>>> print(open('structure-v8.cif').read())   # mmCIF, C-alpha atoms
data_protein
loop_
_atom_site.label_atom_id
_atom_site.label_comp_id
_atom_site.auth_asym_id
_atom_site.auth_seq_id
_atom_site.Cartn_x
_atom_site.Cartn_y
_atom_site.Cartn_z
CA MET O 10 -24.31 7.22 -28.98
CA GLY O 11 -23.83 7.61 -25.25
CA GLN O 12 -24.64 3.96 -24.55
CA ALA O 13 -22.36 2.76 -27.36
CA TRP O 14 -19.52 4.89 -26.03
CA ARG O 15 -20.00 3.56 -22.51
CA ALA O 16 -19.93 -0.04 -23.77
CA LEU O 17 -16.75 0.72 -25.71
CA ARG O 18 -15.21 2.34 -22.64
CA ARG O 19 -15.97 -0.79 -20.64
CA ARG O 20 -14.30 -3.02 -23.24
CA ILE O 21 -11.23 -0.81 -23.47
CA LEU O 22 -10.72 -0.29 -19.75
CA THR O 23 -11.68 -3.66 -18.25
CA PRO O 24 -8.99 -6.36 -18.02
CA SER O 25 -9.84 -9.90 -19.06
CA THR O 26 -11.10 -12.21 -16.33
CA SER O 27 -8.41 -14.66 -17.45
CA GLU O 28 -5.91 -12.44 -15.62
CA THR O 29 -7.38 -13.62 -12.31
CA LEU O 30 -7.19 -17.36 -13.02
CA LEU O 31 -4.74 -19.19 -10.78
CA ASP O 32 -3.37 -21.16 -13.73
CA VAL O 33 -2.64 -17.96 -15.64
CA ARG O 34 -1.02 -16.31 -12.62
CA GLY O 35 0.93 -19.45 -11.72
CA PHE O 36 -0.47 -19.44 -8.18
CA HIS O 37 -0.73 -22.48 -5.93
CA LYS O 38 -3.91 -24.56 -6.20
CA LYS O 39 -4.71 -26.10 -2.83
CA SER O 40 -8.03 -27.66 -3.85
CA PRO O 41 -10.74 -27.16 -6.49
CA GLU O 42 -12.96 -25.45 -3.90
CA ALA O 43 -10.25 -23.02 -2.80
CA GLN O 44 -9.36 -22.30 -6.42
CA GLN O 45 -12.98 -21.58 -7.32
CA ASN O 46 -13.34 -19.24 -4.34
CA LEU O 47 -10.24 -17.19 -5.12
CA GLU O 48 -11.08 -17.00 -8.81
CA THR O 49 -14.63 -15.90 -8.02
CA VAL O 50 -13.16 -13.13 -5.87
CA GLY O 51 -11.16 -11.95 -8.88
CA ALA O 52 -14.11 -12.24 -11.25
CA SER O 53 -16.32 -10.27 -8.85
CA PHE O 54 -13.69 -7.55 -8.59
CA LEU O 55 -13.59 -7.22 -12.36
CA GLU O 56 -17.38 -7.28 -12.55
CA GLY O 57 -17.55 -4.25 -10.27
CA TYR O 58 -14.75 -2.59 -12.21
CA ALA O 59 -16.64 -3.11 -15.47
CA TYR O 60 -19.85 -1.67 -14.02
CA ALA O 61 -17.96 1.45 -12.92
CA ALA O 62 -16.22 1.74 -16.28
CA GLU O 63 -19.51 1.60 -18.21
CA ALA O 64 -22.05 3.23 -15.89
CA ALA O 65 -23.67 6.53 -16.79
CA THR O 66 -24.20 7.17 -13.08
CA ILE O 67 -22.76 5.86 -9.83
CA SER O 68 -26.21 4.66 -8.77
CA GLU O 69 -26.47 2.57 -11.92
CA ALA O 70 -23.25 0.74 -11.07
CA ALA O 71 -24.25 0.28 -7.42
CA GLU O 72 -27.65 -1.15 -8.35
CA LYS O 73 -25.95 -3.88 -10.38
CA MET O 74 -23.35 -4.64 -7.71
CA ASP O 75 -26.00 -4.98 -5.02
CA LYS O 76 -27.34 -8.02 -6.89
CA ILE O 77 -24.08 -9.91 -6.37
CA GLU O 78 -24.20 -12.45 -3.55
CA PRO O 79 -22.97 -11.15 -0.19
CA TYR O 80 -19.83 -13.31 -0.10
CA TYR O 81 -18.39 -11.54 -3.13
CA ARG O 82 -20.20 -8.19 -3.25
CA GLY O 83 -17.49 -6.33 -1.33
CA PHE O 84 -14.94 -7.30 -3.98
CA ALA O 85 -17.19 -5.81 -6.65
CA TYR O 86 -17.22 -2.54 -4.72
CA GLU O 87 -13.43 -2.74 -4.48
CA GLY O 88 -13.30 -3.16 -8.24
CA ALA O 89 -15.67 -0.23 -8.69
CA GLY O 90 -13.36 1.86 -6.51
CA MET O 91 -10.61 1.10 -9.00
CA GLY O 92 -12.91 1.74 -11.97
CA PHE O 93 -14.07 5.16 -10.82
CA ALA O 94 -10.51 6.14 -9.81
CA VAL O 95 -9.23 5.13 -13.25
CA ARG O 96 -11.95 7.22 -14.89
CA ASP O 97 -10.98 10.14 -12.66
CA GLY O 98 -7.41 9.71 -13.84
CA LEU O 99 -8.23 9.87 -17.54
CA PRO O 100 -7.57 13.15 -19.34
CA LEU O 101 -11.19 13.49 -20.47
CA GLY O 102 -14.41 13.19 -18.51
CA PRO O 103 -15.37 13.88 -14.88
CA THR O 104 -12.70 13.97 -12.18
CA ASN O 105 -14.68 13.52 -8.97
CA LEU O 106 -16.42 10.17 -9.46
CA THR O 107 -14.49 8.50 -6.63
CA GLU O 108 -15.34 11.31 -4.23
CA LYS O 109 -19.03 11.03 -5.11
CA PHE O 110 -18.90 7.25 -4.83
CA LEU O 111 -17.44 7.44 -1.33
CA ALA O 112 -19.99 10.07 -0.32
CA GLY O 113 -22.88 7.96 -1.58
CA GLU O 114 -23.41 4.29 -2.36
CA GLY O 115 -19.77 3.40 -1.70
CA ASP O 116 -19.74 4.79 1.85
CA ILE O 117 -20.63 1.55 3.65
CA HIS O 118 -17.95 -0.19 1.56
CA ASN O 119 -15.39 2.58 2.12
CA TYR O 120 -12.57 0.25 3.20
CA MET O 121 -12.89 -1.72 -0.02
CA VAL O 122 -13.21 1.40 -2.16
CA TYR O 123 -9.99 2.84 -0.74
CA VAL O 124 -8.17 -0.39 -1.54
CA GLY O 125 -9.55 -0.18 -5.08
CA ILE O 126 -8.08 3.31 -5.47
CA GLY O 127 -4.68 1.74 -4.88
CA TRP O 128 -5.28 -0.66 -7.75
CA ALA O 129 -6.04 2.31 -9.99
CA MET O 130 -2.78 4.02 -8.99
CA ALA O 131 -0.89 0.93 -10.13
CA ARG O 132 -2.38 1.39 -13.61
CA LEU O 133 -2.19 5.19 -13.88
CA PRO O 134 0.83 7.46 -14.50
CA ARG O 135 2.00 9.05 -11.28
CA PHE O 136 1.00 12.55 -12.29
CA ARG O 137 -2.60 11.28 -12.43
CA TRP O 138 -2.58 9.77 -8.94
CA PRO O 139 -5.05 11.25 -6.45
CA LYS O 140 -3.75 13.85 -4.03
CA ALA O 141 -3.31 12.25 -0.62
CA ASP O 142 -4.76 15.27 1.18
CA THR O 143 -8.05 14.84 -0.67
CA LEU O 144 -8.61 11.44 0.95
CA HIS O 145 -9.58 10.50 4.50
CA PRO O 146 -6.43 11.03 6.61
CA LEU O 147 -6.92 7.78 8.52
CA LEU O 148 -8.13 5.48 5.75
CA ARG O 149 -5.86 6.70 2.95
CA TRP O 150 -3.25 4.12 4.01
CA LEU O 151 -5.60 1.46 2.64
CA VAL O 152 -4.80 2.89 -0.79
CA LEU O 153 -1.24 1.66 -0.39
CA ASP O 154 -2.56 -1.70 0.79
CA GLY O 155 -4.37 -1.92 -2.54
CA TYR O 156 -1.30 -0.82 -4.49
CA GLY O 157 0.87 -3.38 -2.73
CA PHE O 158 -1.66 -6.14 -3.41
CA HIS O 159 -1.77 -5.26 -7.11
CA GLN O 160 2.01 -5.28 -7.49
CA ALA O 161 2.46 -8.61 -5.71
CA TYR O 162 -0.46 -10.17 -7.60
CA PHE O 163 0.65 -9.09 -11.08
CA LYS O 164 4.42 -8.76 -10.54
CA THR O 165 4.90 -11.76 -8.32
CA LYS O 166 8.46 -12.57 -9.31
CA ARG O 167 9.70 -9.08 -8.45
CA TYR O 168 7.70 -8.45 -5.29
CA ILE O 169 7.62 -11.97 -3.81
CA ASP O 170 10.54 -13.93 -5.22
CA GLU O 171 12.93 -10.95 -5.36
CA GLN O 172 11.32 -9.21 -2.35
CA TYR O 173 11.48 -5.80 -4.04
CA VAL O 174 11.14 -2.67 -1.88
CA ASP O 175 10.69 0.75 -3.48
CA PRO O 176 13.52 2.86 -1.98
CA ARG O 177 11.45 6.07 -2.02
CA PHE O 178 7.78 5.48 -2.65
CA PRO O 179 6.38 8.94 -3.50
CA TRP O 180 2.85 8.69 -2.08
CA PRO O 181 1.40 10.11 0.18
CA GLY O 182 4.52 12.27 0.44
CA GLY O 183 6.08 13.88 3.48
CA GLU O 184 7.95 12.17 6.27
CA TYR O 185 6.06 8.86 6.01
CA SER O 186 7.38 8.30 2.49
CA ARG O 187 11.02 8.91 3.43
CA THR O 188 13.07 5.85 4.25
CA PRO O 189 14.50 6.16 7.78
CA ASP O 190 17.74 4.63 9.03
CA ASN O 191 16.18 1.19 9.48
CA GLY O 192 15.23 1.05 5.81
CA THR O 193 11.45 1.01 6.29
CA SER O 194 9.24 4.00 5.61
CA TYR O 195 5.63 3.79 6.73
CA ALA O 196 4.57 3.91 3.10
CA ASN O 197 6.52 0.69 2.55
CA ARG O 198 4.93 -0.84 5.63
CA ALA O 199 1.46 -0.13 4.26
CA LEU O 200 2.51 -1.60 0.94
CA ASP O 201 3.68 -4.73 2.76
CA GLN O 202 0.24 -5.13 4.33
CA GLY O 203 -1.17 -5.36 0.81
CA ILE O 204 1.62 -7.62 -0.36
CA GLY O 205 0.86 -9.97 2.52
CA ARG O 206 -2.82 -9.94 1.61
CA ALA O 207 -1.89 -10.92 -1.95
CA MET O 208 0.24 -13.77 -0.62
CA TRP O 209 -2.93 -15.43 0.68
CA PHE O 210 -4.03 -15.60 -2.98
CA ILE O 211 -0.60 -16.48 -4.35
CA GLY O 212 -0.40 -19.34 -1.85
CA GLY O 213 -3.88 -20.51 -2.82
CA SER O 214 -5.16 -19.93 0.77
CA ASP O 215 -2.83 -22.72 1.93
CA GLY O 216 -1.76 -21.40 5.32
CA GLU O 217 1.32 -23.58 5.66
CA LEU O 218 2.63 -22.48 2.27
CA VAL O 219 1.82 -18.83 2.96
CA ALA O 220 3.70 -18.92 6.29
CA LYS O 221 6.73 -20.46 4.58
CA MET O 222 6.66 -17.72 1.93
CA ILE O 223 6.55 -14.95 4.51
CA ASN O 224 9.28 -16.47 6.65
CA LYS O 225 11.67 -16.11 3.70
CA PHE O 226 11.36 -12.33 4.00
CA PRO O 227 13.55 -10.22 6.33
CA GLU O 228 12.17 -10.30 9.85
CA HIS O 229 11.37 -6.58 9.95
CA ARG O 230 8.85 -7.08 7.11
CA ARG O 231 7.05 -10.14 8.46
CA GLU O 232 4.73 -8.37 10.89
CA ASP O 233 3.01 -6.40 8.14
CA LEU O 234 3.02 -9.33 5.73
CA PHE O 235 1.36 -11.61 8.27
CA ALA O 236 -1.16 -8.88 9.08
CA GLY O 237 -2.19 -8.77 5.43
CA THR O 238 -2.87 -12.50 5.43
CA GLY O 239 -5.12 -12.17 8.49
CA LEU O 240 -7.30 -9.72 6.63
CA ALA O 241 -7.45 -11.89 3.50
CA ALA O 242 -8.08 -15.10 5.43
CA THR O 243 -11.05 -13.48 7.17
CA TYR O 244 -12.56 -11.46 4.32
CA ALA O 245 -11.78 -13.61 1.27
CA GLY O 246 -11.72 -16.99 2.97
CA GLY O 247 -10.63 -20.19 1.29
CA ALA O 248 -9.70 -22.12 4.43
CA ASP O 249 -11.89 -24.09 6.80
CA GLU O 250 -11.82 -23.85 10.60
CA SER O 251 -9.17 -26.52 11.11
CA GLU O 252 -6.90 -24.85 8.55
CA LEU O 253 -7.40 -21.44 10.17
CA LEU O 254 -6.57 -22.88 13.59
CA ARG O 255 -3.40 -24.38 12.18
CA TYR O 256 -2.48 -21.08 10.55
CA ARG O 257 -3.12 -19.23 13.80
CA ASP O 258 -0.50 -21.43 15.41
CA LEU O 259 1.95 -20.99 12.54
CA VAL O 260 2.00 -17.19 12.74
CA GLY O 261 3.53 -17.42 16.22
CA LYS O 262 4.46 -14.06 17.73
CA TYR O 263 2.66 -12.21 14.95
CA ARG O 264 -0.71 -13.44 16.13
CA PRO O 265 -1.80 -10.06 17.61
CA VAL O 266 -1.42 -8.29 14.24
CA VAL O 267 -3.19 -11.14 12.47
CA SER O 268 -6.03 -10.71 14.97
CA GLN O 269 -5.99 -6.95 14.35
CA ALA O 270 -6.27 -7.42 10.61
CA SER O 271 -8.98 -10.03 11.05
CA ALA O 272 -10.94 -7.53 13.14
CA PHE O 273 -10.56 -4.93 10.38
CA ALA O 274 -11.93 -7.47 7.90
CA SER O 275 -14.86 -8.20 10.21
CA GLU O 276 -15.51 -4.48 10.56
CA ALA O 277 -15.59 -4.10 6.77
CA ARG O 278 -18.16 -6.89 6.45
CA VAL O 279 -20.23 -5.76 9.44
CA ARG O 280 -20.32 -2.17 8.20
CA ALA O 281 -21.51 -3.28 4.76
CA GLY O 282 -24.02 -5.83 6.08
CA LEU O 283 -22.11 -8.65 4.38
CA VAL O 284 -21.29 -10.95 7.29
CA ILE O 285 -21.19 -14.56 6.09
CA PRO O 286 -20.62 -17.85 7.95
CA HIS O 287 -16.93 -17.78 7.11
CA THR O 288 -16.56 -14.38 8.77
CA GLU O 289 -18.00 -15.85 11.96
CA ILE O 290 -15.54 -18.75 11.91
CA ALA O 291 -12.44 -16.71 11.08
CA SER O 292 -13.25 -14.00 13.61
CA ARG O 293 -13.66 -16.56 16.39
CA VAL O 294 -10.41 -18.31 15.43
CA PHE O 295 -8.26 -15.19 15.13
CA CYS O 296 -9.98 -12.81 17.54
CA GLY O 297 -11.88 -15.06 19.92
CA LEU O 298 -14.93 -12.86 19.28
CA SER O 299 -17.92 -12.63 17.00
CA PRO O 300 -17.45 -10.38 13.95
CA GLN O 301 -19.66 -7.76 15.56
CA ASP O 302 -17.64 -7.75 18.79
CA ALA O 303 -14.35 -7.75 16.89
CA ALA O 304 -15.58 -4.78 14.87
CA GLN O 305 -16.47 -3.01 18.11
CA VAL O 306 -12.87 -3.41 19.28
CA THR O 307 -11.77 -1.46 16.19
CA HIS O 308 -14.36 1.24 16.93
CA ASP O 309 -13.27 1.57 20.54
CA ALA O 310 -9.60 1.78 19.58
CA ARG O 311 -10.35 4.55 17.10
CA ARG O 312 -11.62 6.91 19.78
CA GLY O 313 -9.27 9.71 20.75
CA LEU O 314 -6.58 8.90 18.23
CA PRO O 315 -3.76 11.45 18.23
CA ALA O 316 -2.88 13.52 15.21
CA ASP O 317 -0.24 12.09 12.92
CA GLY O 318 3.10 12.28 14.70
CA GLU O 319 6.12 10.02 14.72
CA LEU O 320 3.71 7.37 13.45
CA PRO O 321 0.57 8.05 11.43
CA ALA O 322 -2.65 7.79 13.41
CA TYR O 323 -3.54 4.76 11.29
CA GLU O 324 -0.62 2.80 12.74
CA VAL O 325 -1.47 3.92 16.27
CA TRP O 326 -4.98 2.59 15.62
CA ARG O 327 -3.60 -0.74 14.40
CA GLN O 328 -1.31 -1.02 17.41
CA ARG O 329 -4.17 -0.32 19.82
CA VAL O 330 -6.28 -3.06 18.26
CA ALA O 331 -3.39 -5.53 18.19
CA GLY O 332 -2.62 -4.70 21.82
CA GLN O 333 -6.20 -5.36 22.80
CA PHE O 334 -6.11 -8.81 21.23
CA ALA O 335 -2.73 -9.54 22.77
CA SER O 336 -4.28 -8.91 26.16
CA LEU O 337 -7.32 -11.02 25.31
CA GLY O 338 -5.18 -13.87 24.06
CA GLY O 339 -7.26 -14.24 20.89
CA VAL O 340 -8.33 -17.76 21.77
CA SER O 341 -10.97 -19.58 19.80
CA ARG O 342 -14.28 -19.92 21.56
#
>>> encode(input="structure-v8.cif", output="structure tokens")
Amino acid sequence: MGQAWRALRRRILTPSTSETLLDVRGFHKKSPEAQQNLETVGASFLEGYAYAAEAATISEAAEKMDKIEPYYRGFAYEGAGMGFAVRDGLPLGPTNLTEKFLAGEGDIHNYMVYVGIGWAMARLPRFRWPKADTLHPLLRWLVLDGYGFHQAYFKTKRYIDEQYVDPRFPWPGGEYSRTPDNGTSYANRALDQGIGRAMWFIGGSDGELVAKMINKFPEHRREDLFAGTGLAATYAGGADESELLRYRDLVGKYRPVVSQASAFASEARVRAGLVIPHTEIASRVFCGLSPQDAAQVTHDARRGLPADGELPAYEVWRQRVAGQFASLGGVSR
């Protein structure tokens, strides 16, 4: 009975893989190879989600995900982060699966798991959202990155064409969710980082198209949008070295934040032991460093971070990393 129920739970909770097809989403198709890569990313995400939805134990799900090839394994862990967070948000069953996942097999993939939690929030009623103070105070902003990605990916007309901004996004609460005089709360900035990451998929990893899409947005939003694309271009790929070099030139003055986000992507792959040839290429193009050295920049910048103040420590961290690459010049080697 238990196994039958778990299989049923998987079928009920797991979206169809057709939802990640570029044709279904109406996204740009740059080439068959780029399309296959982006669709495999989506399929791998849903594979991890399904494992989490069905698994009797966290270890059971992790054992299956660890058989996925390194290029796409991180996306499966992201999907599992969503799956366990959705299960935690259901009225019946355990409520600490995500916490256990992050404390165990999901720890080396923690960046991806936090993003997956944001996907879950997009599918759960707000009263079932996780409490912000139960999550890592520095990494919890990745949850909003995941939420922003989900909304742009599935509600593209509203979030991309109409450039929707939530006037008072309620999570994580407190001063960072209140909209200041300039119209941008930090919660909205974190959402924009995820929206930008989704734009790499919406634009089919075509850098020229992605840059044109972002440049239609108000200037005060472009920095975070471009940063999101740097992370996606490095972690998800879909563009060769010449295309990445061209994109690096197109981002113009936003190059330091693209380098920062690329370094974060390298850190996520280095930490999980999932560095692939594309990571090497993208890191050298955007950061002028190997993935390992780019990851070390993020580690160094994390030391001695102040407590949350006028800006959250997460943004101070990002600014430190971006500043380091601005001083290095971020040239390809």
>>> residues_around(input="structure-v8.cif", residues="Leu106 of chain O", least_positions_apart="3", cutoff="10 Å", atoms="only C-alpha atoms", output="NGL selection string")
:O and (61 or 66-67 or 90 or 92-97 or 102-103 or 109-112)
>>> atom_distance(input="structure-v8.cif", atom1="atom CA of Leu234 of chain O", atom2="atom CA of Leu200 of chain O")
9.1 Å
>>> atom_distance(input="structure-v8.cif", atom1="atom CA of Asp75 of chain O", atom2="atom CA of Gln301 of chain O")
21.7 Å
>>> resolve_selection(input="structure-v8.cif", expression="the PyMOL selection byres ((chain O and resi 274) around 12)", output="ChimeraX atom specification")
/O:83,118,120-121,206,236-246,267-273,275-281,283-285,287-289,291-292,295-296,300-301,303-304,307
>>> atom_distance(input="structure-v8.cif", atom1="atom CA of Ala70 of chain O", atom2="atom CA of Trp180 of chain O")
28.7 Å
>>> closest_residue(input="structure-v8.cif", among="O:Tyr168, O:Tyr58, O:Tyr195, O:Phe163", to="Ile223 of chain O", atoms="only C-alpha atoms")
O:Tyr168
>>> resolve_selection(input="structure-v8.cif", expression="the PyMOL selection byres ((chain O and resi 248) around 12)", output="VMD selection string")
chain O and resid 39 to 40 42 to 44 46 to 47 209 to 210 212 to 217 238 to 239 241 to 247 249 to 257 287 to 288 290 to 291 294
>>> write_last_selection(input="structure-v8.cif", atoms="C-alpha atoms", output="PDB file, in the frame of the given file")
ATOM      1  CA  LYS O  39      -4.710 -26.100  -2.830  1.00  0.00           C
ATOM      2  CA  SER O  40      -8.030 -27.660  -3.850  1.00  0.00           C
ATOM      3  CA  GLU O  42     -12.960 -25.450  -3.900  1.00  0.00           C
ATOM      4  CA  ALA O  43     -10.250 -23.020  -2.800  1.00  0.00           C
ATOM      5  CA  GLN O  44      -9.360 -22.300  -6.420  1.00  0.00           C
ATOM      6  CA  ASN O  46     -13.340 -19.240  -4.340  1.00  0.00           C
ATOM      7  CA  LEU O  47     -10.240 -17.190  -5.120  1.00  0.00           C
ATOM      8  CA  TRP O 209      -2.930 -15.430   0.680  1.00  0.00           C
ATOM      9  CA  PHE O 210      -4.030 -15.600  -2.980  1.00  0.00           C
ATOM     10  CA  GLY O 212      -0.400 -19.340  -1.850  1.00  0.00           C
ATOM     11  CA  GLY O 213      -3.880 -20.510  -2.820  1.00  0.00           C
ATOM     12  CA  SER O 214      -5.160 -19.930   0.770  1.00  0.00           C
ATOM     13  CA  ASP O 215      -2.830 -22.720   1.930  1.00  0.00           C
ATOM     14  CA  GLY O 216      -1.760 -21.400   5.320  1.00  0.00           C
ATOM     15  CA  GLU O 217       1.320 -23.580   5.660  1.00  0.00           C
ATOM     16  CA  THR O 238      -2.870 -12.500   5.430  1.00  0.00           C
ATOM     17  CA  GLY O 239      -5.120 -12.170   8.490  1.00  0.00           C
ATOM     18  CA  ALA O 241      -7.450 -11.890   3.500  1.00  0.00           C
ATOM     19  CA  ALA O 242      -8.080 -15.100   5.430  1.00  0.00           C
ATOM     20  CA  THR O 243     -11.050 -13.480   7.170  1.00  0.00           C
ATOM     21  CA  TYR O 244     -12.560 -11.460   4.320  1.00  0.00           C
ATOM     22  CA  ALA O 245     -11.780 -13.610   1.270  1.00  0.00           C
ATOM     23  CA  GLY O 246     -11.720 -16.990   2.970  1.00  0.00           C
ATOM     24  CA  GLY O 247     -10.630 -20.190   1.290  1.00  0.00           C
ATOM     25  CA  ASP O 249     -11.890 -24.090   6.800  1.00  0.00           C
ATOM     26  CA  GLU O 250     -11.820 -23.850  10.600  1.00  0.00           C
ATOM     27  CA  SER O 251      -9.170 -26.520  11.110  1.00  0.00           C
ATOM     28  CA  GLU O 252      -6.900 -24.850   8.550  1.00  0.00           C
ATOM     29  CA  LEU O 253      -7.400 -21.440  10.170  1.00  0.00           C
ATOM     30  CA  LEU O 254      -6.570 -22.880  13.590  1.00  0.00           C
ATOM     31  CA  ARG O 255      -3.400 -24.380  12.180  1.00  0.00           C
ATOM     32  CA  TYR O 256      -2.480 -21.080  10.550  1.00  0.00           C
ATOM     33  CA  ARG O 257      -3.120 -19.230  13.800  1.00  0.00           C
ATOM     34  CA  HIS O 287     -16.930 -17.780   7.110  1.00  0.00           C
ATOM     35  CA  THR O 288     -16.560 -14.380   8.770  1.00  0.00           C
ATOM     36  CA  ILE O 290     -15.540 -18.750  11.910  1.00  0.00           C
ATOM     37  CA  ALA O 291     -12.440 -16.710  11.080  1.00  0.00           C
ATOM     38  CA  VAL O 294     -10.410 -18.310  15.430  1.00  0.00           C
TER      39      VAL O 294
END
>>> resolve_selection(input="structure-v8.cif", expression="the PyMOL selection byres ((chain O and resi 181) around 9)", output="list of chain:residue names")
O:Lys140, O:Ala141, O:Asp142, O:Arg149, O:Trp150, O:Leu153, O:Phe178, O:Pro179, O:Trp180, O:Gly182, O:Gly183, O:Tyr185, O:Ser186, O:Ala196
>>> residues_around(input="structure-v8.cif", residues="Ala322 of chain O", least_positions_apart="3", cutoff="12 Å", atoms="all atoms listed in the file", output="compact mmCIF listing (two decimals) with C-alpha atoms, keeping the file's coordinate frame")
# COMPACT_ATOMS: atom_id res chain seq x y z
CA HIS O 145 -9.58 10.50 4.50
CA PRO O 146 -6.43 11.03 6.61
CA LEU O 147 -6.92 7.78 8.52
CA LEU O 148 -8.13 5.48 5.75
CA ARG O 149 -5.86 6.70 2.95
CA TRP O 150 -3.25 4.12 4.01
CA TYR O 185 6.06 8.86 6.01
CA TYR O 195 5.63 3.79 6.73
CA ALA O 310 -9.60 1.78 19.58
CA ARG O 311 -10.35 4.55 17.10
CA ARG O 312 -11.62 6.91 19.78
CA GLY O 313 -9.27 9.71 20.75
CA LEU O 314 -6.58 8.90 18.23
CA PRO O 315 -3.76 11.45 18.23
CA ALA O 316 -2.88 13.52 15.21
CA ASP O 317 -0.24 12.09 12.92
CA GLY O 318 3.10 12.28 14.70
CA GLU O 319 6.12 10.02 14.72
CA VAL O 325 -1.47 3.92 16.27
CA TRP O 326 -4.98 2.59 15.62
CA ARG O 327 -3.60 -0.74 14.40
CA GLN O 328 -1.31 -1.02 17.41
CA ARG O 329 -4.17 -0.32 19.82
>>> closest_residue(input="structure-v8.cif", among="O:Leu320, O:Ala331, O:Asn224, O:Thr104", to="Leu259 of chain O", atoms="all atoms listed in the file")
O:Asn224
>>> closest_residue(input="structure-v8.cif", among="O:Asn105, O:Ile117, O:Gly157, O:Leu99", to="Tyr86 of chain O", atoms="only C-alpha atoms")
O:Ile117
>>> axis_aligned_box(input="structure-v8.cif", around="segment 301-309 of chain O", padding_each_side="4 Å", output="AutoDock Vina command-line options")
--center_x -15.7 --center_y -3.1 --center_z 17.7 --size_x 15.9 --size_y 17.3 --size_z 13.7
>>> closest_residue(input="structure-v8.cif", among="O:Ile204, O:Glu28, O:Ala335, O:Tyr323", to="Arg167 of chain O", atoms="all atoms listed in the file")
O:Ile204
